[in-house]
Amino acid sequence: TPQIGVLALQGAVAEHEQALSAAGAQVRKVRRPAELEGLDGLVVPGGESTAMARLAAPVRLMPAIRQRHEEGMAVFGTCAGLILTADAVADAEALTGFERIGGLDVVVRRNAYGNQLASFETELEVSSIPESERRLPAVFIRAPIIEEITGSEVEVLAEAAGHPVVVRQGRLLAASFHPELTGDHRLHEHFVQLAAG
Ligand code: GLN
């Protein structure tokens with residue numbers, strides 16, 4: 001059974017645990033570097049990226065995640081988690097002085113969908129999920145925009161409103177929305193398979 005952690009400093013932790021269990025994983029919360037030991041994958045949830053970066057700093061959890069990822073642990077960053085896994089943040093002032101995970105060759109901008117669209121729901125066509133002809137419901141909450149893809153290994157699995165919203169780079173998966181807030185767990189299934197493979 002794949003062992004999957006959920007970064008549990010802040011944000012939508014319980015919903016990811018539930019979705020991952022439903023997708024067949026053995027799940028545990030991660031708050032300290034030692035808890036990364038033996039994990040096949042880690043979900044970095046949505047919430048507030050600045051709060052997570054701040055809470056992770058005293059135990060240097062972000063560089064520990066980066067190192068475990070370099071050693072093979074898969075990572076799935078959603079919303080704030082995407083901001084933490086992106087290699088570059090366009091408006092990084094609020095994150096200045098805090099370590100992030102990085103590794104995903106994209107530039108993101110925080111809270112970039114504007115006032116009217118600050119939160120919205122849509123349905124996506126996502127390639128490479130099970131039954132991908134069936135659309136995936138997606139809830140965006142003060143979501144980051146992927147402004148630019150800077151590496152040739154980044155695959156775009158879904159787009160919405162002219163921007164990539166699900167991307168994959170090797171053993172790194174990221175979504176700009178909250179896949180854990182609907183009953184549709186196909187993206188979690190995709191991640192559990194990626195982590196196990
Ligand atoms: N706006 C949040 C941030 O910058 C992300 C929002 C979310 O994760 N729902 O971290």
# chains A, B, ... in the order shown; residues from 1 in each chain; ligands from 1

call {"tool": "residues_around", "arguments": {"residues": "Ala112 (chain A)", "least_positions_apart": "4", "cutoff": "10 Å", "atoms": "only C-alpha atoms", "output": "VMD selection string"}}
result
chain A and resid 91 108 117 to 118 142 to 147

call {"tool": "residues_near_ligand", "arguments": {"ligand": "ligand 1", "cutoff": "6 Å", "atoms": "only C-alpha atoms and all ligand atoms", "output": "PyMOL selection string"}}
result
chain A and resi 46-50+79-80+110-111+141-143

call {"tool": "closest_residue", "arguments": {"among": "A:Leu136, A:Val192, A:Val89, A:Val44", "to": "Leu20 (chain A)", "atoms": "only C-alpha atoms"}}
result
A:Val192

call {"tool": "residues_around", "arguments": {"residues": "Leu104 (chain A)", "least_positions_apart": "2", "cutoff": "6 Å", "atoms": "only C-alpha atoms", "output": "VMD selection string"}}
result
chain A and resid 85 to 87 102 106

call {"tool": "write_last_selection", "arguments": {"atoms": "C-alpha atoms", "output": "PDB file, in the first residue's frame"}}
result
ATOM      1  CA  THR A  85       6.346  23.901  -5.121  1.00  0.00           C
ATOM      2  CA  ALA A  86       6.736  26.462  -7.937  1.00  0.00           C
ATOM      3  CA  ASP A  87      10.295  27.432  -8.781  1.00  0.00           C
ATOM      4  CA  GLY A 102      10.452  24.553  -5.403  1.00  0.00           C
ATOM      5  CA  VAL A 106       6.691  27.385 -13.545  1.00  0.00           C
TER       6      VAL A 106
END

call {"tool": "select_by_dssp", "arguments": {"residues": "region 8-177 of chain A", "states": "strand (DSSP E or B)", "output": "ChimeraX atom specification"}}
result
/A:26-30,41-44,74-78,86-89,104-109,119-124,136-141,145-149,155-160,163-169,172-175

call {"tool": "decode", "arguments": {"residues": "region 85-197 of chain A", "atoms": "C-alpha atoms", "output": "PDB file, in the first residue's frame"}}
result
ATOM      1  CA  THR A  85       6.346  23.901  -5.121  1.00  0.00           C
ATOM      2  CA  ALA A  86       6.736  26.462  -7.937  1.00  0.00           C
ATOM      3  CA  ASP A  87      10.295  27.432  -8.781  1.00  0.00           C
ATOM      4  CA  ALA A  88       9.323  31.100  -8.989  1.00  0.00           C
ATOM      5  CA  VAL A  89       6.600  33.306  -7.490  1.00  0.00           C
ATOM      6  CA  ALA A  90       5.978  36.524  -9.433  1.00  0.00           C
ATOM      7  CA  ASP A  91       4.810  38.549  -6.410  1.00  0.00           C
ATOM      8  CA  ALA A  92       7.010  36.976  -3.775  1.00  0.00           C
ATOM      9  CA  GLU A  93       7.214  39.856  -1.267  1.00  0.00           C
ATOM     10  CA  ALA A  94       5.030  38.121   1.350  1.00  0.00           C
ATOM     11  CA  LEU A  95       7.221  35.032   1.095  1.00  0.00           C
ATOM     12  CA  THR A  96      10.533  36.853   1.299  1.00  0.00           C
ATOM     13  CA  GLY A  97      12.962  35.267   3.699  1.00  0.00           C
ATOM     14  CA  PHE A  98      11.041  31.971   3.865  1.00  0.00           C
ATOM     15  CA  GLU A  99      12.169  28.756   2.261  1.00  0.00           C
ATOM     16  CA  ARG A 100       9.840  26.971  -0.130  1.00  0.00           C
ATOM     17  CA  ILE A 101      10.010  23.534  -1.756  1.00  0.00           C
ATOM     18  CA  GLY A 102      10.452  24.553  -5.403  1.00  0.00           C
ATOM     19  CA  GLY A 103      11.300  22.154  -8.207  1.00  0.00           C
ATOM     20  CA  LEU A 104       8.334  22.788 -10.494  1.00  0.00           C
ATOM     21  CA  ASP A 105       9.476  24.798 -13.514  1.00  0.00           C
ATOM     22  CA  VAL A 106       6.691  27.385 -13.545  1.00  0.00           C
ATOM     23  CA  VAL A 107       6.121  30.994 -12.512  1.00  0.00           C
ATOM     24  CA  VAL A 108       2.981  31.509 -10.399  1.00  0.00           C
ATOM     25  CA  ARG A 109       1.216  34.643  -9.209  1.00  0.00           C
ATOM     26  CA  ARG A 110      -0.774  34.565  -5.966  1.00  0.00           C
ATOM     27  CA  ASN A 111      -4.469  35.521  -5.735  1.00  0.00           C
ATOM     28  CA  ALA A 112      -4.390  36.299  -9.420  1.00  0.00           C
ATOM     29  CA  TYR A 113      -7.892  35.494 -10.638  1.00  0.00           C
ATOM     30  CA  GLY A 114      -9.158  38.923  -9.574  1.00  0.00           C
ATOM     31  CA  ASN A 115     -12.045  40.053  -7.396  1.00  0.00           C
ATOM     32  CA  GLN A 116     -15.047  38.788  -9.313  1.00  0.00           C
ATOM     33  CA  LEU A 117     -13.449  35.419  -9.825  1.00  0.00           C
ATOM     34  CA  ALA A 118     -11.726  35.186  -6.432  1.00  0.00           C
ATOM     35  CA  SER A 119     -13.578  31.912  -5.897  1.00  0.00           C
ATOM     36  CA  PHE A 120     -15.298  29.898  -8.579  1.00  0.00           C
ATOM     37  CA  GLU A 121     -16.145  26.377  -9.653  1.00  0.00           C
ATOM     38  CA  THR A 122     -15.719  24.838 -13.049  1.00  0.00           C
ATOM     39  CA  GLU A 123     -15.389  21.444 -14.712  1.00  0.00           C
ATOM     40  CA  LEU A 124     -12.144  20.377 -16.324  1.00  0.00           C
ATOM     41  CA  GLU A 125     -11.011  17.975 -18.958  1.00  0.00           C
ATOM     42  CA  VAL A 126      -7.922  16.382 -17.446  1.00  0.00           C
ATOM     43  CA  SER A 127      -5.818  14.085 -19.577  1.00  0.00           C
ATOM     44  CA  SER A 128      -4.270  11.046 -17.866  1.00  0.00           C
ATOM     45  CA  ILE A 129      -6.776  10.623 -15.066  1.00  0.00           C
ATOM     46  CA  PRO A 130      -9.038   7.543 -14.997  1.00  0.00           C
ATOM     47  CA  GLU A 131     -12.164   7.986 -17.161  1.00  0.00           C
ATOM     48  CA  SER A 132     -10.801  11.309 -18.390  1.00  0.00           C
ATOM     49  CA  GLU A 133     -13.747  11.737 -20.775  1.00  0.00           C
ATOM     50  CA  ARG A 134     -15.794  12.550 -17.652  1.00  0.00           C
ATOM     51  CA  ARG A 135     -15.155  16.138 -16.528  1.00  0.00           C
ATOM     52  CA  LEU A 136     -13.518  16.826 -13.173  1.00  0.00           C
ATOM     53  CA  PRO A 137     -15.220  19.361 -10.872  1.00  0.00           C
ATOM     54  CA  ALA A 138     -12.710  21.967  -9.665  1.00  0.00           C
ATOM     55  CA  VAL A 139     -13.100  24.519  -6.860  1.00  0.00           C
ATOM     56  CA  PHE A 140     -10.820  27.574  -7.089  1.00  0.00           C
ATOM     57  CA  ILE A 141     -10.371  29.654  -3.904  1.00  0.00           C
ATOM     58  CA  ARG A 142      -8.139  32.721  -4.176  1.00  0.00           C
ATOM     59  CA  ALA A 143      -6.147  30.558  -6.509  1.00  0.00           C
ATOM     60  CA  PRO A 144      -2.708  31.238  -7.954  1.00  0.00           C
ATOM     61  CA  ILE A 145      -2.328  31.556 -11.729  1.00  0.00           C
ATOM     62  CA  ILE A 146       0.396  29.644 -13.522  1.00  0.00           C
ATOM     63  CA  GLU A 147       1.723  32.554 -15.570  1.00  0.00           C
ATOM     64  CA  GLU A 148       4.545  30.843 -17.341  1.00  0.00           C
ATOM     65  CA  ILE A 149       6.051  27.429 -17.876  1.00  0.00           C
ATOM     66  CA  THR A 150       9.827  27.644 -17.787  1.00  0.00           C
ATOM     67  CA  GLY A 151      10.897  24.020 -18.240  1.00  0.00           C
ATOM     68  CA  SER A 152      10.468  21.536 -21.084  1.00  0.00           C
ATOM     69  CA  GLU A 153       9.565  18.666 -18.729  1.00  0.00           C
ATOM     70  CA  VAL A 154       6.352  20.308 -17.530  1.00  0.00           C
ATOM     71  CA  GLU A 155       3.236  18.648 -18.989  1.00  0.00           C
ATOM     72  CA  VAL A 156      -0.052  20.537 -18.912  1.00  0.00           C
ATOM     73  CA  LEU A 157      -2.834  18.072 -17.992  1.00  0.00           C
ATOM     74  CA  ALA A 158      -5.671  20.631 -17.811  1.00  0.00           C
ATOM     75  CA  GLU A 159      -6.374  24.276 -18.547  1.00  0.00           C
ATOM     76  CA  ALA A 160      -9.095  26.706 -17.480  1.00  0.00           C
ATOM     77  CA  ALA A 161      -9.697  30.265 -18.641  1.00  0.00           C
ATOM     78  CA  GLY A 162      -6.551  30.198 -20.760  1.00  0.00           C
ATOM     79  CA  HIS A 163      -4.154  29.094 -18.021  1.00  0.00           C
ATOM     80  CA  PRO A 164      -2.704  25.704 -17.083  1.00  0.00           C
ATOM     81  CA  VAL A 165      -4.394  24.455 -13.883  1.00  0.00           C
ATOM     82  CA  VAL A 166      -3.050  20.884 -13.601  1.00  0.00           C
ATOM     83  CA  VAL A 167       0.593  20.258 -14.422  1.00  0.00           C
ATOM     84  CA  ARG A 168       3.015  17.400 -13.943  1.00  0.00           C
ATOM     85  CA  GLN A 169       6.788  17.305 -14.003  1.00  0.00           C
ATOM     86  CA  GLY A 170       8.129  13.835 -13.334  1.00  0.00           C
ATOM     87  CA  ARG A 171       7.117  12.890  -9.800  1.00  0.00           C
ATOM     88  CA  LEU A 172       5.708  16.345  -9.097  1.00  0.00           C
ATOM     89  CA  LEU A 173       1.995  17.015  -9.649  1.00  0.00           C
ATOM     90  CA  ALA A 174       0.338  20.384  -9.034  1.00  0.00           C
ATOM     91  CA  ALA A 175      -3.121  21.901  -9.307  1.00  0.00           C
ATOM     92  CA  SER A 176      -4.138  25.522  -8.800  1.00  0.00           C
ATOM     93  CA  PHE A 177      -7.507  24.520  -7.297  1.00  0.00           C
ATOM     94  CA  HIS A 178      -8.775  22.350  -4.397  1.00  0.00           C
ATOM     95  CA  PRO A 179      -9.293  18.783  -5.709  1.00  0.00           C
ATOM     96  CA  GLU A 180     -10.082  17.529  -2.193  1.00  0.00           C
ATOM     97  CA  LEU A 181     -13.312  19.546  -1.823  1.00  0.00           C
ATOM     98  CA  THR A 182     -15.446  17.481  -4.179  1.00  0.00           C
ATOM     99  CA  GLY A 183     -16.389  13.814  -4.015  1.00  0.00           C
ATOM    100  CA  ASP A 184     -14.385  13.155  -7.184  1.00  0.00           C
ATOM    101  CA  HIS A 185     -11.061  11.634  -6.149  1.00  0.00           C
ATOM    102  CA  ARG A 186      -9.581  10.840  -9.578  1.00  0.00           C
ATOM    103  CA  LEU A 187      -6.713  13.311  -9.244  1.00  0.00           C
ATOM    104  CA  HIS A 188      -5.814  11.759  -5.881  1.00  0.00           C
ATOM    105  CA  GLU A 189      -5.961   8.305  -7.506  1.00  0.00           C
ATOM    106  CA  HIS A 190      -3.634   9.567 -10.225  1.00  0.00           C
ATOM    107  CA  PHE A 191      -1.227  10.880  -7.576  1.00  0.00           C
ATOM    108  CA  VAL A 192      -1.294   7.670  -5.510  1.00  0.00           C
ATOM    109  CA  GLN A 193      -0.440   5.701  -8.661  1.00  0.00           C
ATOM    110  CA  LEU A 194       2.328   8.161  -9.537  1.00  0.00           C
ATOM    111  CA  ALA A 195       3.750   7.843  -6.015  1.00  0.00           C
ATOM    112  CA  ALA A 196       3.551   4.032  -6.045  1.00  0.00           C
ATOM    113  CA  GLY A 197       5.134   3.647  -9.507  1.00  0.00           C
TER     114      GLY A 197
END
